[in-house]
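Here is the structure we will look at, set down as structure tokens.
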Amino acid sequence: MTFTIALNFEDGVTRLIDCKPGEKVLDAAYRQRINLPMDCADGVCGTCKCHCESGRYELDADYLEEALSDAEAAQGQVLTCQMTVSSDCVLRVPVPAASCKTGSQRFTARVAAVEPQGDAAVVLALDLDEAPGFLPGQYMNLEVPGSGQTRAYSFSSRPGAQRATFLIKRVPDGLMSGWLQHAKVGDPLSLSGPLGSFFLREVRRPLLLLAGGTGLAPFLAMLEVLAEARSDVPIRLVYGVTRDQDLVLLERLDAFVSRLADFRYVTCVADPASAHPRQGYVTQHLPADLPADGDVDLYLCGPPPMVEAVRQHLQTHGLAPASFHYEKFTPTVVARDAVA
């Protein structure tokens with residue numbers, strides 16, 4: 001039996017390693033050629049200090065107070081040279097991945113399908129030569145063939161699958177949108193990653209998911225993982241778009257209603273001319289059946305104005321979820337930012 005440790009570096013790179021029972025996290029990382037910061041490996045210097053965002057672990061008792069104070073330990077700070085785990089964990093490593101001799105991995109793939117979703121989006125399916133290890137919610141940089149440029153897209157498929165899918169917004173005169181108009185099954189594509197600190201953490205309380213447009217993609221990956229784990233926590237999704245025709249992949253959401261014990265979703269459309277039964281923005285359609293005491297984990301993905309509107313709404317109404325993770329994007333650039 002082994003546990004999975006997600007090492008989330010400050011530049012957005014995340015690496016997954018396996019850790020054996022009783023094995024120090026630092027040793028597990030070195031075994032897998034990731035050189036986490038370290039000077040002494042004896043709990044003396046504090047160089048290997050990281051923050052544990054989630055998971056169960058123990059620290060050997062013989063480290064020095066100067067290396068890790070009681071106050072730091074109470075806040076989730078750990079010394080990887082003294083840390084053994086008893087569950088999967090997420091560690092925030094306060095250095096860039098390159099300084100640990102790790103970085104984005106490169107993958108090759110071939111187009112398996114290009115599925116237009118009206119004029120709103122395209123589902124791009126790729127058969128990967130090697131399935132990348134990633135956390136549900138993370139993204140890859142896809143190189144647009146012949147351009148030398150990349151675009152960032154979140155996985156909409158589950159981790160571990162040889163066929164990966166991405167929900168890509170159609171952008172008039174967009175570089176990737178233009179290529180997709182002519183892409184054929186079998187065309188080669190290069191990817192790098194996985195990247196991003198927006199991903200599903202350990203599920204310990206109800207979940208509220210807020211998606212804007214193609215920001216639905218990472219939630220589809222998360223819901224796949226939750227469905228496979230037969231999660232029974234309450235999960236609520238609010239999916240907001242600008243136009244009626246921007247609502248896509250509702251059949252996948254309907255399937256999750258059947259596959260998950262307590263999942264429900266609603267959609268809303270911002271266009272005031274829409275005939276949709278729920279007009280307006282996601283903040284106007286938050287579910288009423290989630291805990292009012294803040295005992296909920298909030299995940300938010302959408303364009304920057306939506307993200308800022310939700311943050312302002314929470315602040316104005318004094319709403320403080322137990323944890324808040326968000327990602328904001330534009331059609332050509334993805335800005336990753338997460339708050340726990």
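Please note that chains go A, B, ... in the order of the structure tokens, that every chain numbers its residues from 1, and that ligands are numbered from 1 in the order shown.
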
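Every residue of stretch 241-295 of chain A found in strand (DSSP E) when DSSP is run on the backbone appears here: Val241, Phe263, Arg264, Tyr265, Val266, Thr267, Cys268 and Val269 of chain A.
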
Might you pull out every residue within 6 Å of stretch 51-59 of chain A, with only C-alpha atoms counted and same-chain residues fewer than 5 positions away left off, and present them as a list of chain:residue names?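 These residues fall inside the cut-off: A:Gly76, A:Gln77, A:Val78, A:Gln82, A:Met83, A:Thr84, A:Val85, A:Ser86, A:Ser87, A:Asp88, A:Cys89, A:Val90, A:Leu91, A:Arg92.
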
Since we have the selection now, will you write its residues out, keeping C-alpha atoms, as a PDB file, in the first residue's frame?
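That gives us result.pdb:
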```
ATOM      1  CA  GLY A  76       0.052  22.779   9.410  1.00  0.00           C
ATOM      2  CA  GLN A  77       3.727  23.489   8.822  1.00  0.00           C
ATOM      3  CA  VAL A  78       5.796  20.309   8.514  1.00  0.00           C
ATOM      4  CA  GLN A  82      10.491  14.101   9.758  1.00  0.00           C
ATOM      5  CA  MET A  83       7.087  13.530   8.152  1.00  0.00           C
ATOM      6  CA  THR A  84       5.377  10.173   7.622  1.00  0.00           C
ATOM      7  CA  VAL A  85       1.849   9.959   6.251  1.00  0.00           C
ATOM      8  CA  SER A  86      -1.185   7.770   6.825  1.00  0.00           C
ATOM      9  CA  SER A  87      -3.320   9.125   3.971  1.00  0.00           C
ATOM     10  CA  ASP A  88      -2.979  10.953   0.688  1.00  0.00           C
ATOM     11  CA  CYS A  89      -1.678  14.485   1.310  1.00  0.00           C
ATOM     12  CA  VAL A  90      -1.235  17.841  -0.403  1.00  0.00           C
ATOM     13  CA  LEU A  91       1.947  19.789   0.393  1.00  0.00           C
ATOM     14  CA  ARG A  92       2.625  23.391  -0.549  1.00  0.00           C
TER      15      ARG A  92
END
```

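Scanning stretch 106-210 of chain A with DSSP on the backbone, the helix (DSSP H, G or I) assignments fall on Leu175, Met176, Ser177, Gly178, Trp179 and Leu180 of chain A.
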
Selected residues written out, N, CA, C and O atoms, as a PDB file, in the first residue's frame:
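The new file selection_22.pdb reads:
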```pdb
ATOM      1  N   LEU A 175      -6.378  31.584 -32.050  1.00  0.00           N
ATOM      2  CA  LEU A 175      -5.350  30.704 -32.596  1.00  0.00           C
ATOM      3  C   LEU A 175      -5.768  29.240 -32.513  1.00  0.00           C
ATOM      4  O   LEU A 175      -5.739  28.507 -33.513  1.00  0.00           O
ATOM      5  N   MET A 176      -6.159  28.787 -31.323  1.00  0.00           N
ATOM      6  CA  MET A 176      -6.577  27.398 -31.172  1.00  0.00           C
ATOM      7  C   MET A 176      -7.899  27.147 -31.879  1.00  0.00           C
ATOM      8  O   MET A 176      -8.083  26.105 -32.533  1.00  0.00           O
ATOM      9  N   SER A 177      -8.827  28.090 -31.802  1.00  0.00           N
ATOM     10  CA  SER A 177     -10.120  27.915 -32.474  1.00  0.00           C
ATOM     11  C   SER A 177      -9.929  27.748 -33.974  1.00  0.00           C
ATOM     12  O   SER A 177     -10.603  26.933 -34.621  1.00  0.00           O
ATOM     13  N   GLY A 178      -9.004  28.520 -34.550  1.00  0.00           N
ATOM     14  CA  GLY A 178      -8.736  28.403 -35.977  1.00  0.00           C
ATOM     15  C   GLY A 178      -8.171  27.048 -36.340  1.00  0.00           C
ATOM     16  O   GLY A 178      -8.563  26.437 -37.354  1.00  0.00           O
ATOM     17  N   TRP A 179      -7.240  26.544 -35.532  1.00  0.00           N
ATOM     18  CA  TRP A 179      -6.663  25.234 -35.811  1.00  0.00           C
ATOM     19  C   TRP A 179      -7.704  24.131 -35.688  1.00  0.00           C
ATOM     20  O   TRP A 179      -7.737  23.196 -36.510  1.00  0.00           O
ATOM     21  N   LEU A 180      -8.589  24.242 -34.695  1.00  0.00           N
ATOM     22  CA  LEU A 180      -9.594  23.200 -34.475  1.00  0.00           C
ATOM     23  C   LEU A 180     -10.559  23.074 -35.648  1.00  0.00           C
ATOM     24  O   LEU A 180     -11.137  22.004 -35.868  1.00  0.00           O
TER      25      LEU A 180
END
```

Rounded to one decimal place, report the atom CA of A:Gly193-atom CA of A:Asp127 distance in Å. 15.8 Å

Excluding A:Val114 and any residue of its chain fewer than 4 positions from it, enumerate the residues within 7 Å of it, using only C-alpha atoms, and give them as a count of residues only. 4

Suppose you want the space between atom CA of A:His317 and atom CA of A:Ala270; what is it in Å?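 Interatomic distance, atom CA of A:His317 to atom CA of A:Ala270: 21.2 Å.
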
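Comparing the minimum interatomic distances between A:Pro234 and each of A:Val171, A:Cys45, A:Leu220, A:Leu208, counting only C-alpha atoms, we find that A:Leu208 sits nearest.
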
Proximity of stretch 119-228 of chain A to stretch 282-294 of chain A: per-residue shortest pair, 10 Å limit, only C-alpha atoms, as a Markdown table:
```
| residue | atom | partner | partner_atom | distance |
| --- | --- | --- | --- | --- |
| A:Arg205 | CA | A:Pro291 | CA | 9.7 |
| A:Pro206 | CA | A:Leu290 | CA | 7.3 |
| A:Leu207 | CA | A:Leu290 | CA | 8.5 |
| A:Leu208 | CA | A:Leu290 | CA | 8.1 |
| A:Leu209 | CA | A:Leu286 | CA | 9.8 |
| A:Leu210 | CA | A:Val282 | CA | 7.1 |
| A:Ala211 | CA | A:Val282 | CA | 8.2 |
| A:Gly212 | CA | A:Val282 | CA | 8.2 |
```

At what distance in Å, to one decimal, does atom CA of A:Phe199 lie from atom CA of A:Phe3?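 Atom CA of A:Phe199 lies 17.6 Å from atom CA of A:Phe3.
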
Give me the residues within 8 Å of A:Ala121 as a VMD selection string, counting only C-alpha atoms and dropping any in the same chain fewer than 6 places off. chain A and resid 167 to 170 214 246 248

File of the preceding selection, N, CA, C and O atoms, as a PDB file, in the first residue's frame:
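Dumped everything to again.pdb:
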```pdb
ATOM      1  N   LEU A 167     -12.469  21.067 -22.721  1.00  0.00           N
ATOM      2  CA  LEU A 167     -13.572  21.903 -23.191  1.00  0.00           C
ATOM      3  C   LEU A 167     -12.989  23.265 -23.545  1.00  0.00           C
ATOM      4  O   LEU A 167     -12.531  24.002 -22.670  1.00  0.00           O
ATOM      5  N   ILE A 168     -13.028  23.603 -24.843  1.00  0.00           N
ATOM      6  CA  ILE A 168     -12.319  24.780 -25.353  1.00  0.00           C
ATOM      7  C   ILE A 168     -13.323  25.785 -25.898  1.00  0.00           C
ATOM      8  O   ILE A 168     -14.136  25.448 -26.775  1.00  0.00           O
ATOM      9  N   LYS A 169     -13.271  26.992 -25.403  1.00  0.00           N
ATOM     10  CA  LYS A 169     -14.173  28.048 -25.862  1.00  0.00           C
ATOM     11  C   LYS A 169     -13.836  28.445 -27.295  1.00  0.00           C
ATOM     12  O   LYS A 169     -12.664  28.599 -27.650  1.00  0.00           O
ATOM     13  N   ARG A 170     -14.856  28.613 -28.116  1.00  0.00           N
ATOM     14  CA  ARG A 170     -14.645  29.134 -29.465  1.00  0.00           C
ATOM     15  C   ARG A 170     -14.393  30.639 -29.380  1.00  0.00           C
ATOM     16  O   ARG A 170     -15.199  31.383 -28.809  1.00  0.00           O
ATOM     17  N   THR A 214     -16.806  27.993 -20.046  1.00  0.00           N
ATOM     18  CA  THR A 214     -15.980  26.785 -20.140  1.00  0.00           C
ATOM     19  C   THR A 214     -15.202  26.519 -18.857  1.00  0.00           C
ATOM     20  O   THR A 214     -14.455  25.544 -18.778  1.00  0.00           O
ATOM     21  N   ASP A 246     -24.529  29.033 -24.802  1.00  0.00           N
ATOM     22  CA  ASP A 246     -23.263  28.739 -24.121  1.00  0.00           C
ATOM     23  C   ASP A 246     -23.402  27.602 -23.115  1.00  0.00           C
ATOM     24  O   ASP A 246     -22.396  27.123 -22.580  1.00  0.00           O
ATOM     25  N   VAL A 248     -23.446  24.079 -22.319  1.00  0.00           N
ATOM     26  CA  VAL A 248     -23.014  22.880 -23.035  1.00  0.00           C
ATOM     27  C   VAL A 248     -22.801  21.734 -22.054  1.00  0.00           C
ATOM     28  O   VAL A 248     -22.671  21.933 -20.835  1.00  0.00           O
TER      29      VAL A 248
END
```

Mind running stretch 260-314 of chain A against stretch 131-145 of chain A at 12 Å and telling me each contacting residue's nearest atom pair with the distance in Å (one decimal), counting only C-alpha atoms, chain and number ascending, as a tab-separated table?
```
residue	atom	partner	partner_atom	distance
A:Tyr299	CA	A:Gly137	CA	9.9
A:Leu300	CA	A:Gly137	CA	10.7
A:Cys301	CA	A:Gly137	CA	9.5
```

Minimum-distance residue to A:Ala183, chosen among A:Thr242, A:Glu115, A:Tyr265, A:Leu253 (using only C-alpha atoms):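 Closest candidate: A:Glu115.
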
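For stretch 6-10 of chain A, the non-local neighbours within 8 Å, defined as residues at least 2 positions apart in the same chain or in other chains and counting only C-alpha atoms, are A:Thr4, A:Gly12, A:Val13, A:Thr14, A:Arg15, A:Leu16, A:Ile17, A:Cys89, A:Val90, A:Leu91, A:Arg92, A:Val93, A:Pro94, A:Val95, A:Pro96, A:Ala97, A:Ser197.
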
Considering only C-alpha atoms, state which residue in the set A:Ala29, A:Ala217, A:Cys40, A:Leu298 is at the smallest distance from A:Leu249.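 Selected residue with least distance to A:Leu249: A:Ala217.
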